[in-house]
>>> print(open('model-v6.txt').read())   # compact mmCIF, N, CA, C and O atoms
# COMPACT_ATOMS: atom_id res chain seq x y z
N MET T 1 41.92 -19.09 -31.27
CA MET T 1 40.67 -19.19 -31.99
C MET T 1 39.58 -18.49 -31.18
O MET T 1 39.37 -18.81 -30.02
N PRO T 2 38.88 -17.50 -31.78
CA PRO T 2 37.82 -16.80 -31.05
C PRO T 2 36.65 -17.72 -30.75
O PRO T 2 36.32 -18.60 -31.53
N SER T 3 36.03 -17.48 -29.60
CA SER T 3 34.86 -18.28 -29.23
C SER T 3 33.63 -17.74 -29.93
O SER T 3 33.51 -16.56 -30.21
N ALA T 4 32.71 -18.62 -30.22
CA ALA T 4 31.45 -18.22 -30.86
C ALA T 4 30.57 -17.54 -29.82
O ALA T 4 30.50 -17.96 -28.68
N ARG T 5 29.91 -16.49 -30.24
CA ARG T 5 29.00 -15.79 -29.34
C ARG T 5 27.57 -15.99 -29.80
O ARG T 5 27.30 -16.01 -30.99
N THR T 6 26.69 -16.11 -28.84
CA THR T 6 25.27 -16.25 -29.14
C THR T 6 24.58 -14.95 -28.76
O THR T 6 24.76 -14.45 -27.66
N ALA T 7 23.81 -14.42 -29.67
CA ALA T 7 23.06 -13.21 -29.38
C ALA T 7 21.97 -13.52 -28.38
O ALA T 7 21.30 -14.55 -28.46
N TYR T 8 21.79 -12.63 -27.43
CA TYR T 8 20.76 -12.80 -26.42
C TYR T 8 19.78 -11.65 -26.55
O TYR T 8 20.17 -10.49 -26.57
N THR T 9 18.53 -11.97 -26.65
CA THR T 9 17.49 -10.96 -26.70
C THR T 9 16.69 -11.03 -25.41
O THR T 9 16.13 -12.07 -25.07
N LEU T 10 16.67 -9.91 -24.70
CA LEU T 10 15.93 -9.84 -23.45
C LEU T 10 14.44 -9.96 -23.72
O LEU T 10 13.91 -9.30 -24.61
N ALA T 11 13.78 -10.83 -22.99
CA ALA T 11 12.34 -11.01 -23.15
C ALA T 11 11.63 -10.47 -21.91
O ALA T 11 11.93 -10.84 -20.79
N LEU T 12 10.71 -9.56 -22.14
CA LEU T 12 9.89 -9.02 -21.07
C LEU T 12 8.43 -9.28 -21.40
O LEU T 12 8.02 -9.08 -22.54
N PRO T 13 7.64 -9.71 -20.43
CA PRO T 13 6.22 -9.97 -20.70
C PRO T 13 5.54 -8.73 -21.29
O PRO T 13 5.70 -7.63 -20.79
N GLY T 14 4.83 -8.90 -22.36
CA GLY T 14 4.11 -7.81 -22.98
C GLY T 14 4.91 -7.02 -23.99
O GLY T 14 4.39 -6.12 -24.63
N LEU T 15 6.19 -7.32 -24.13
CA LEU T 15 7.04 -6.61 -25.07
C LEU T 15 7.71 -7.59 -26.02
O LEU T 15 7.93 -8.74 -25.67
N THR T 16 8.03 -7.10 -27.20
CA THR T 16 8.77 -7.93 -28.16
C THR T 16 10.03 -7.20 -28.58
O THR T 16 10.18 -5.99 -28.34
N ALA T 17 10.92 -7.89 -29.20
CA ALA T 17 12.18 -7.30 -29.67
C ALA T 17 11.95 -6.26 -30.74
O ALA T 17 12.81 -5.43 -31.00
N THR T 18 10.79 -6.27 -31.36
CA THR T 18 10.51 -5.31 -32.42
C THR T 18 9.77 -4.07 -31.92
O THR T 18 9.50 -3.16 -32.71
N ASP T 19 9.44 -4.01 -30.63
CA ASP T 19 8.80 -2.81 -30.09
C ASP T 19 9.77 -1.64 -30.16
O ASP T 19 10.97 -1.80 -30.00
N ASP T 20 9.23 -0.47 -30.40
CA ASP T 20 10.05 0.74 -30.56
C ASP T 20 10.23 1.43 -29.21
O ASP T 20 9.72 2.52 -28.98
N ILE T 21 10.96 0.80 -28.31
CA ILE T 21 11.18 1.31 -26.96
C ILE T 21 12.59 1.89 -26.89
O ILE T 21 13.55 1.26 -27.31
N ASN T 22 12.71 3.11 -26.35
CA ASN T 22 14.05 3.67 -26.20
C ASN T 22 14.37 4.05 -24.76
O ASN T 22 15.48 4.44 -24.46
N THR T 23 13.38 3.97 -23.86
CA THR T 23 13.62 4.30 -22.46
C THR T 23 12.97 3.26 -21.57
O THR T 23 11.79 2.94 -21.74
N VAL T 24 13.74 2.74 -20.63
CA VAL T 24 13.22 1.82 -19.62
C VAL T 24 13.50 2.45 -18.26
O VAL T 24 14.64 2.77 -17.94
N ILE T 25 12.45 2.64 -17.48
CA ILE T 25 12.60 3.20 -16.14
C ILE T 25 12.34 2.08 -15.14
O ILE T 25 11.29 1.45 -15.17
N ASN T 26 13.31 1.83 -14.28
CA ASN T 26 13.19 0.80 -13.26
C ASN T 26 12.73 1.47 -11.97
O ASN T 26 13.44 2.26 -11.37
N TRP T 27 11.51 1.15 -11.55
CA TRP T 27 10.95 1.74 -10.34
C TRP T 27 10.91 0.70 -9.24
O TRP T 27 10.16 -0.26 -9.30
N GLY T 28 11.72 0.91 -8.22
CA GLY T 28 11.78 -0.03 -7.12
C GLY T 28 11.14 0.47 -5.84
O GLY T 28 11.38 -0.10 -4.78
N LEU T 29 10.36 1.55 -5.90
CA LEU T 29 9.69 2.18 -4.76
C LEU T 29 10.63 2.93 -3.84
O LEU T 29 10.20 3.50 -2.85
N GLY T 30 11.92 2.97 -4.15
CA GLY T 30 12.85 3.75 -3.36
C GLY T 30 12.72 5.23 -3.66
O GLY T 30 12.07 5.64 -4.63
N ALA T 31 13.34 6.05 -2.82
CA ALA T 31 13.23 7.50 -2.97
C ALA T 31 13.79 7.97 -4.31
O ALA T 31 13.17 8.80 -4.98
N ASP T 32 14.95 7.46 -4.71
CA ASP T 32 15.58 7.93 -5.94
C ASP T 32 14.78 7.54 -7.18
O ASP T 32 14.52 8.39 -8.03
N SER T 33 14.40 6.28 -7.28
CA SER T 33 13.67 5.85 -8.48
C SER T 33 12.27 6.45 -8.51
O SER T 33 11.74 6.76 -9.58
N THR T 34 11.67 6.69 -7.35
CA THR T 34 10.35 7.32 -7.31
C THR T 34 10.44 8.78 -7.75
O THR T 34 9.61 9.25 -8.53
N ALA T 35 11.45 9.50 -7.27
CA ALA T 35 11.63 10.89 -7.67
C ALA T 35 11.89 10.99 -9.17
O ALA T 35 11.34 11.86 -9.85
N TYR T 36 12.73 10.09 -9.69
CA TYR T 36 13.02 10.10 -11.13
C TYR T 36 11.76 9.82 -11.94
O TYR T 36 11.46 10.53 -12.90
N LEU T 37 11.00 8.82 -11.55
CA LEU T 37 9.79 8.47 -12.27
C LEU T 37 8.78 9.62 -12.23
O LEU T 37 8.18 9.97 -13.25
N ALA T 38 8.60 10.25 -11.07
CA ALA T 38 7.68 11.38 -10.95
C ALA T 38 8.11 12.52 -11.86
O ALA T 38 7.29 13.14 -12.54
N LYS T 39 9.42 12.78 -11.91
CA LYS T 39 9.94 13.84 -12.77
C LYS T 39 9.67 13.54 -14.24
O LYS T 39 9.26 14.40 -15.01
N MET T 40 9.88 12.30 -14.64
CA MET T 40 9.68 11.92 -16.05
C MET T 40 8.20 11.95 -16.42
O MET T 40 7.85 12.32 -17.53
N LEU T 41 7.32 11.56 -15.50
CA LEU T 41 5.89 11.54 -15.80
C LEU T 41 5.26 12.93 -15.80
O LEU T 41 4.29 13.16 -16.51
N THR T 42 5.80 13.85 -15.00
CA THR T 42 5.20 15.18 -14.93
C THR T 42 5.72 16.12 -16.00
O THR T 42 5.03 17.08 -16.36
N ASP T 43 6.90 15.87 -16.55
CA ASP T 43 7.45 16.72 -17.61
C ASP T 43 8.32 15.89 -18.54
O ASP T 43 9.53 16.12 -18.64
N PRO T 44 7.74 14.92 -19.24
CA PRO T 44 8.56 14.05 -20.08
C PRO T 44 9.29 14.80 -21.18
O PRO T 44 10.48 14.56 -21.42
N ALA T 45 8.62 15.71 -21.86
CA ALA T 45 9.27 16.44 -22.95
C ALA T 45 10.44 17.27 -22.46
O ALA T 45 11.46 17.39 -23.15
N GLY T 46 10.32 17.83 -21.27
CA GLY T 46 11.40 18.63 -20.70
C GLY T 46 12.65 17.83 -20.41
O GLY T 46 13.73 18.39 -20.23
N HIS T 47 12.52 16.51 -20.36
CA HIS T 47 13.65 15.63 -20.09
C HIS T 47 13.98 14.74 -21.29
O HIS T 47 14.74 13.78 -21.15
N GLY T 48 13.38 15.05 -22.42
CA GLY T 48 13.68 14.27 -23.63
C GLY T 48 13.09 12.87 -23.62
O GLY T 48 13.59 11.98 -24.28
N ILE T 49 12.02 12.67 -22.87
CA ILE T 49 11.39 11.36 -22.77
C ILE T 49 10.13 11.34 -23.63
O ILE T 49 9.28 12.23 -23.53
N ASP T 50 10.01 10.33 -24.45
CA ASP T 50 8.80 10.10 -25.24
C ASP T 50 8.05 8.96 -24.57
O ASP T 50 8.47 7.80 -24.64
N LEU T 51 6.94 9.28 -23.89
CA LEU T 51 6.21 8.24 -23.15
C LEU T 51 5.68 7.14 -24.06
O LEU T 51 5.45 6.02 -23.60
N ASP T 52 5.48 7.44 -25.34
CA ASP T 52 5.05 6.40 -26.28
C ASP T 52 6.13 5.35 -26.48
O ASP T 52 5.85 4.25 -26.95
N ARG T 53 7.37 5.69 -26.14
CA ARG T 53 8.50 4.77 -26.34
C ARG T 53 9.18 4.43 -25.01
O ARG T 53 10.36 4.13 -24.97
N THR T 54 8.39 4.49 -23.93
CA THR T 54 8.92 4.28 -22.58
C THR T 54 8.20 3.13 -21.90
O THR T 54 7.00 2.97 -22.04
N VAL T 55 8.97 2.35 -21.16
CA VAL T 55 8.42 1.26 -20.35
C VAL T 55 8.86 1.49 -18.91
O VAL T 55 10.01 1.86 -18.66
N VAL T 56 7.96 1.29 -17.97
CA VAL T 56 8.29 1.35 -16.55
C VAL T 56 8.24 -0.07 -16.01
O VAL T 56 7.20 -0.73 -16.09
N LEU T 57 9.36 -0.53 -15.48
CA LEU T 57 9.43 -1.85 -14.86
C LEU T 57 9.32 -1.69 -13.36
O LEU T 57 9.93 -0.80 -12.77
N TYR T 58 8.54 -2.55 -12.73
CA TYR T 58 8.33 -2.50 -11.29
C TYR T 58 8.38 -3.91 -10.73
O TYR T 58 7.79 -4.82 -11.30
N MET T 59 9.08 -4.06 -9.63
CA MET T 59 9.15 -5.36 -8.99
C MET T 59 9.08 -5.16 -7.48
O MET T 59 9.92 -4.47 -6.91
N ALA T 60 8.07 -5.71 -6.87
CA ALA T 60 7.95 -5.65 -5.41
C ALA T 60 8.59 -6.89 -4.82
O ALA T 60 8.38 -8.00 -5.30
N THR T 61 9.39 -6.69 -3.79
CA THR T 61 10.05 -7.82 -3.14
C THR T 61 9.23 -8.36 -1.98
O THR T 61 9.51 -9.45 -1.49
N GLY T 62 8.26 -7.56 -1.52
CA GLY T 62 7.47 -7.97 -0.38
C GLY T 62 8.03 -7.46 0.93
O GLY T 62 7.41 -7.61 1.98
N SER T 63 9.22 -6.84 0.90
CA SER T 63 9.81 -6.33 2.13
C SER T 63 9.70 -4.80 2.23
O SER T 63 10.36 -4.20 3.06
N GLU T 64 8.85 -4.20 1.39
CA GLU T 64 8.67 -2.76 1.45
C GLU T 64 7.94 -2.37 2.74
O GLU T 64 7.10 -3.10 3.22
N TRP T 65 8.26 -1.20 3.25
CA TRP T 65 7.57 -0.69 4.42
C TRP T 65 6.12 -0.41 4.05
O TRP T 65 5.84 0.05 2.95
N PRO T 66 5.17 -0.66 4.95
CA PRO T 66 3.77 -0.37 4.64
C PRO T 66 3.55 1.09 4.25
O PRO T 66 2.75 1.38 3.35
N GLU T 67 4.26 2.00 4.90
CA GLU T 67 4.13 3.42 4.56
C GLU T 67 4.57 3.70 3.12
O GLU T 67 4.00 4.54 2.43
N THR T 68 5.62 3.00 2.68
CA THR T 68 6.12 3.18 1.32
C THR T 68 5.05 2.77 0.32
O THR T 68 4.78 3.48 -0.65
N ARG T 69 4.42 1.64 0.57
CA ARG T 69 3.36 1.17 -0.32
C ARG T 69 2.19 2.15 -0.34
O ARG T 69 1.65 2.49 -1.39
N LEU T 70 1.80 2.65 0.83
CA LEU T 70 0.69 3.59 0.91
C LEU T 70 0.99 4.90 0.19
O LEU T 70 0.14 5.44 -0.52
N LEU T 71 2.21 5.41 0.35
CA LEU T 71 2.61 6.65 -0.35
C LEU T 71 2.65 6.44 -1.86
O LEU T 71 2.23 7.31 -2.62
N ALA T 72 3.14 5.28 -2.28
CA ALA T 72 3.16 4.98 -3.72
C ALA T 72 1.74 4.93 -4.27
O ALA T 72 1.46 5.46 -5.35
N GLU T 73 0.83 4.31 -3.53
CA GLU T 73 -0.57 4.24 -3.99
C GLU T 73 -1.21 5.62 -4.05
O GLU T 73 -1.95 5.92 -4.98
N GLU T 74 -0.90 6.47 -3.08
CA GLU T 74 -1.53 7.79 -3.02
C GLU T 74 -0.97 8.76 -4.06
O GLU T 74 -1.72 9.52 -4.66
N PHE T 75 0.34 8.73 -4.30
CA PHE T 75 0.96 9.74 -5.14
C PHE T 75 1.41 9.23 -6.51
O PHE T 75 1.26 9.93 -7.52
N MET T 76 1.99 8.05 -6.56
CA MET T 76 2.57 7.58 -7.82
C MET T 76 1.56 6.89 -8.73
O MET T 76 1.60 7.05 -9.94
N LEU T 77 0.66 6.10 -8.15
CA LEU T 77 -0.30 5.40 -9.00
C LEU T 77 -1.18 6.37 -9.80
O LEU T 77 -1.46 6.10 -10.97
N PRO T 78 -1.60 7.51 -9.22
CA PRO T 78 -2.34 8.47 -10.05
C PRO T 78 -1.51 9.02 -11.21
O PRO T 78 -2.03 9.21 -12.31
N LEU T 79 -0.22 9.28 -10.97
CA LEU T 79 0.64 9.74 -12.07
C LEU T 79 0.75 8.67 -13.16
O LEU T 79 0.69 8.97 -14.35
N LEU T 80 0.93 7.43 -12.74
CA LEU T 80 1.01 6.34 -13.71
C LEU T 80 -0.32 6.15 -14.43
O LEU T 80 -0.34 5.89 -15.63
N ALA T 81 -1.42 6.30 -13.72
CA ALA T 81 -2.73 6.16 -14.36
C ALA T 81 -2.94 7.23 -15.41
O ALA T 81 -3.48 6.95 -16.49
N ASP T 82 -2.51 8.46 -15.12
CA ASP T 82 -2.64 9.53 -16.11
C ASP T 82 -1.84 9.25 -17.36
O ASP T 82 -2.24 9.62 -18.46
N ALA T 83 -0.70 8.60 -17.21
CA ALA T 83 0.17 8.32 -18.34
C ALA T 83 -0.08 6.94 -18.93
O ALA T 83 0.50 6.58 -19.96
N SER T 84 -0.97 6.15 -18.34
CA SER T 84 -1.11 4.74 -18.72
C SER T 84 -1.51 4.55 -20.18
O SER T 84 -1.16 3.53 -20.78
N ALA T 85 -2.21 5.47 -20.74
CA ALA T 85 -2.58 5.34 -22.16
C ALA T 85 -1.34 5.41 -23.05
O ALA T 85 -1.35 4.87 -24.15
N GLN T 86 -0.27 6.00 -22.54
CA GLN T 86 0.95 6.15 -23.32
C GLN T 86 2.02 5.13 -22.96
O GLN T 86 2.98 4.96 -23.69
N LEU T 87 1.86 4.46 -21.82
CA LEU T 87 2.88 3.53 -21.36
C LEU T 87 2.47 2.09 -21.68
O LEU T 87 1.43 1.65 -21.22
N PRO T 88 3.30 1.35 -22.42
CA PRO T 88 2.99 -0.08 -22.63
C PRO T 88 3.06 -0.82 -21.30
O PRO T 88 3.87 -0.48 -20.46
N LEU T 89 2.20 -1.77 -21.11
CA LEU T 89 2.23 -2.59 -19.89
C LEU T 89 3.28 -3.65 -20.05
O LEU T 89 3.36 -4.33 -21.05
N ALA T 90 4.12 -3.81 -19.02
CA ALA T 90 5.16 -4.83 -19.04
C ALA T 90 5.13 -5.60 -17.76
O ALA T 90 4.67 -5.15 -16.76
>>> encode(input="model-v6.txt", output="structure tokens")
Amino acid sequence: MPSARTAYTLALPGLTATDDINTVINWGLGADSTAYLAKMLTDPAGHGIDLDRTVVLYMATGSEWPETRLLAEEFMLPLLADASAQLPLA
């Protein structure tokens, strides 16, 4: 007898299941995710990304190097600010 399955809908603050999101970028301040995010923000159309349908998730653990935080503030936050009108807050 097959077991019953319950549908699970992921809940993220500021988003609903009916939002038209097709891309989620997880930014953890590491080199790889930072490079990917910078590439997507500077040329989204060239990579098939629609910023109107994109969410960037960020989670700080508190163990980031101070230099990492400073570099993110200097270089990445301006890129995010430029795109902020197109990116839903989550």
>>> closest_residue(input="model-v6.txt", among="T:Gly30, T:Arg5, T:Leu41, T:Ala11", to="Thr54 of chain T", atoms="only C-alpha atoms")
T:Leu41
>>> atom_distance(input="model-v6.txt", atom1="atom N of Asp43 of chain T", atom2="atom CA of Ala83 of chain T")
10.3 Å
>>> axis_aligned_box(input="model-v6.txt", around="segment 7-24 of chain T", padding_each_side="6 Å", output="lines of an AutoDock Vina configuration file")
center_x = 14.0
center_y = -5.1
center_z = -25.3
size_x = 31.7
size_y = 31.0
size_z = 26.8
>>> select_by_dssp(input="model-v6.txt", residues="chain T", states="strand (DSSP E or B)", output="PyMOL selection string")
chain T and resi 23-27+54-58
>>> atom_distance(input="model-v6.txt", atom1="atom N of Asp50 of chain T", atom2="atom O of Leu71 of chain T")
23.4 Å
>>> atom_distance(input="model-v6.txt", atom1="atom CA of Val24 of chain T", atom2="atom O of Ala4 of chain T")
27.8 Å
>>> closest_residue(input="model-v6.txt", among="T:Thr42, T:Leu37, T:His47, T:Arg53", to="Asp20 of chain T", atoms="all atoms listed in the file")
T:Arg53
>>> closest_residue(input="model-v6.txt", among="T:Met76, T:Ile21, T:Leu12, T:Ala81", to="Tyr36 of chain T", atoms="only C-alpha atoms")
T:Met76
>>> closest_residue(input="model-v6.txt", among="T:Leu70, T:Leu80, T:Ile25, T:Ala35", to="Val56 of chain T", atoms="all atoms listed in the file")
T:Ile25
>>> closest_residue(input="model-v6.txt", among="T:Thr34, T:Asp19, T:Leu29, T:Gly46", to="Thr68 of chain T", atoms="only N, CA, C and O atoms")
T:Leu29
>>> closest_residue(input="model-v6.txt", among="T:Gly48, T:Val55, T:Lys39, T:Thr6", to="Asn26 of chain T", atoms="only C-alpha atoms")
T:Val55
>>> select_by_dssp(input="model-v6.txt", residues="chain T", states="alpha helix (DSSP H)", output="JSON, numbers by chain")
{"T": [31, 32, 33, 34, 35, 36, 37, 38, 39, 40, 41, 42, 66, 67, 68, 69, 70, 71, 77, 78, 79, 80, 81, 82, 83]}
>>> build_atoms(input="model-v6.txt", residues="segment 59-70 of chain T", atoms="all heavy atoms", output="mmCIF file, keeping the file's coordinate frame")
data_model
loop_
_atom_site.group_PDB
_atom_site.id
_atom_site.type_symbol
_atom_site.label_atom_id
_atom_site.label_comp_id
_atom_site.auth_asym_id
_atom_site.auth_seq_id
_atom_site.Cartn_x
_atom_site.Cartn_y
_atom_site.Cartn_z
ATOM 1 N N MET T 59 9.080 -4.060 -9.630
ATOM 2 C CA MET T 59 9.150 -5.360 -8.990
ATOM 3 C C MET T 59 9.080 -5.160 -7.480
ATOM 4 O O MET T 59 9.920 -4.470 -6.910
ATOM 5 C CB MET T 59 10.449 -6.074 -9.345
ATOM 6 C CG MET T 59 10.659 -7.364 -8.583
ATOM 7 S SD MET T 59 9.481 -8.646 -8.970
ATOM 8 C CE MET T 59 10.237 -9.346 -10.393
ATOM 9 N N ALA T 60 8.070 -5.710 -6.870
ATOM 10 C CA ALA T 60 7.950 -5.650 -5.410
ATOM 11 C C ALA T 60 8.590 -6.890 -4.820
ATOM 12 O O ALA T 60 8.380 -8.000 -5.300
ATOM 13 C CB ALA T 60 6.488 -5.569 -5.013
ATOM 14 N N THR T 61 9.390 -6.690 -3.790
ATOM 15 C CA THR T 61 10.050 -7.820 -3.140
ATOM 16 C C THR T 61 9.230 -8.360 -1.980
ATOM 17 O O THR T 61 9.510 -9.450 -1.490
ATOM 18 C CB THR T 61 11.434 -7.408 -2.608
ATOM 19 O OG1 THR T 61 11.260 -6.406 -1.599
ATOM 20 C CG2 THR T 61 12.308 -6.877 -3.737
ATOM 21 N N GLY T 62 8.260 -7.560 -1.520
ATOM 22 C CA GLY T 62 7.470 -7.970 -0.380
ATOM 23 C C GLY T 62 8.030 -7.460 0.930
ATOM 24 O O GLY T 62 7.410 -7.610 1.980
ATOM 25 N N SER T 63 9.220 -6.840 0.900
ATOM 26 C CA SER T 63 9.810 -6.330 2.130
ATOM 27 C C SER T 63 9.700 -4.800 2.230
ATOM 28 O O SER T 63 10.360 -4.200 3.060
ATOM 29 C CB SER T 63 11.285 -6.752 2.221
ATOM 30 O OG SER T 63 12.014 -6.186 1.146
ATOM 31 N N GLU T 64 8.850 -4.200 1.390
ATOM 32 C CA GLU T 64 8.670 -2.760 1.450
ATOM 33 C C GLU T 64 7.940 -2.370 2.740
ATOM 34 O O GLU T 64 7.100 -3.100 3.220
ATOM 35 C CB GLU T 64 7.845 -2.264 0.233
ATOM 36 C CG GLU T 64 8.530 -2.428 -1.090
ATOM 37 C CD GLU T 64 8.430 -3.847 -1.650
ATOM 38 O OE1 GLU T 64 7.599 -4.636 -1.181
ATOM 39 O OE2 GLU T 64 9.202 -4.159 -2.553
ATOM 40 N N TRP T 65 8.260 -1.200 3.250
ATOM 41 C CA TRP T 65 7.570 -0.690 4.420
ATOM 42 C C TRP T 65 6.120 -0.410 4.050
ATOM 43 O O TRP T 65 5.840 0.050 2.950
ATOM 44 C CB TRP T 65 8.223 0.595 4.911
ATOM 45 C CG TRP T 65 9.581 0.401 5.488
ATOM 46 C CD1 TRP T 65 10.763 0.537 4.830
ATOM 47 C CD2 TRP T 65 9.901 0.008 6.820
ATOM 48 N NE1 TRP T 65 11.797 0.262 5.666
ATOM 49 C CE2 TRP T 65 11.302 -0.070 6.905
ATOM 50 C CE3 TRP T 65 9.135 -0.285 7.940
ATOM 51 C CZ2 TRP T 65 11.954 -0.422 8.074
ATOM 52 C CZ3 TRP T 65 9.798 -0.629 9.116
ATOM 53 C CH2 TRP T 65 11.178 -0.695 9.176
ATOM 54 N N PRO T 66 5.170 -0.660 4.950
ATOM 55 C CA PRO T 66 3.770 -0.370 4.640
ATOM 56 C C PRO T 66 3.550 1.090 4.250
ATOM 57 O O PRO T 66 2.750 1.380 3.350
ATOM 58 C CB PRO T 66 3.035 -0.710 5.944
ATOM 59 C CG PRO T 66 3.927 -1.682 6.647
ATOM 60 C CD PRO T 66 5.327 -1.307 6.263
ATOM 61 N N GLU T 67 4.260 2.000 4.900
ATOM 62 C CA GLU T 67 4.130 3.420 4.560
ATOM 63 C C GLU T 67 4.570 3.700 3.120
ATOM 64 O O GLU T 67 4.000 4.540 2.430
ATOM 65 C CB GLU T 67 4.942 4.297 5.531
ATOM 66 C CG GLU T 67 4.429 4.263 6.952
ATOM 67 C CD GLU T 67 4.971 3.077 7.761
ATOM 68 O OE1 GLU T 67 5.763 2.276 7.233
ATOM 69 O OE2 GLU T 67 4.576 2.948 8.936
ATOM 70 N N THR T 68 5.620 3.000 2.680
ATOM 71 C CA THR T 68 6.120 3.180 1.320
ATOM 72 C C THR T 68 5.050 2.770 0.320
ATOM 73 O O THR T 68 4.780 3.480 -0.650
ATOM 74 C CB THR T 68 7.395 2.335 1.100
ATOM 75 O OG1 THR T 68 8.393 2.762 2.026
ATOM 76 C CG2 THR T 68 7.906 2.463 -0.311
ATOM 77 N N ARG T 69 4.420 1.640 0.570
ATOM 78 C CA ARG T 69 3.360 1.170 -0.320
ATOM 79 C C ARG T 69 2.190 2.150 -0.340
ATOM 80 O O ARG T 69 1.650 2.490 -1.390
ATOM 81 C CB ARG T 69 2.888 -0.218 0.103
ATOM 82 C CG ARG T 69 1.857 -0.816 -0.818
ATOM 83 C CD ARG T 69 1.372 -2.169 -0.354
ATOM 84 N NE ARG T 69 0.942 -2.215 1.022
ATOM 85 C CZ ARG T 69 -0.234 -1.795 1.474
ATOM 86 N NH1 ARG T 69 -1.111 -1.281 0.643
ATOM 87 N NH2 ARG T 69 -0.544 -1.883 2.747
ATOM 88 N N LEU T 70 1.800 2.650 0.830
ATOM 89 C CA LEU T 70 0.690 3.590 0.910
ATOM 90 C C LEU T 70 0.990 4.900 0.190
ATOM 91 O O LEU T 70 0.140 5.440 -0.520
ATOM 92 C CB LEU T 70 0.323 3.859 2.372
ATOM 93 C CG LEU T 70 -0.278 2.686 3.128
ATOM 94 C CD1 LEU T 70 -0.413 3.008 4.617
ATOM 95 C CD2 LEU T 70 -1.617 2.296 2.540
#
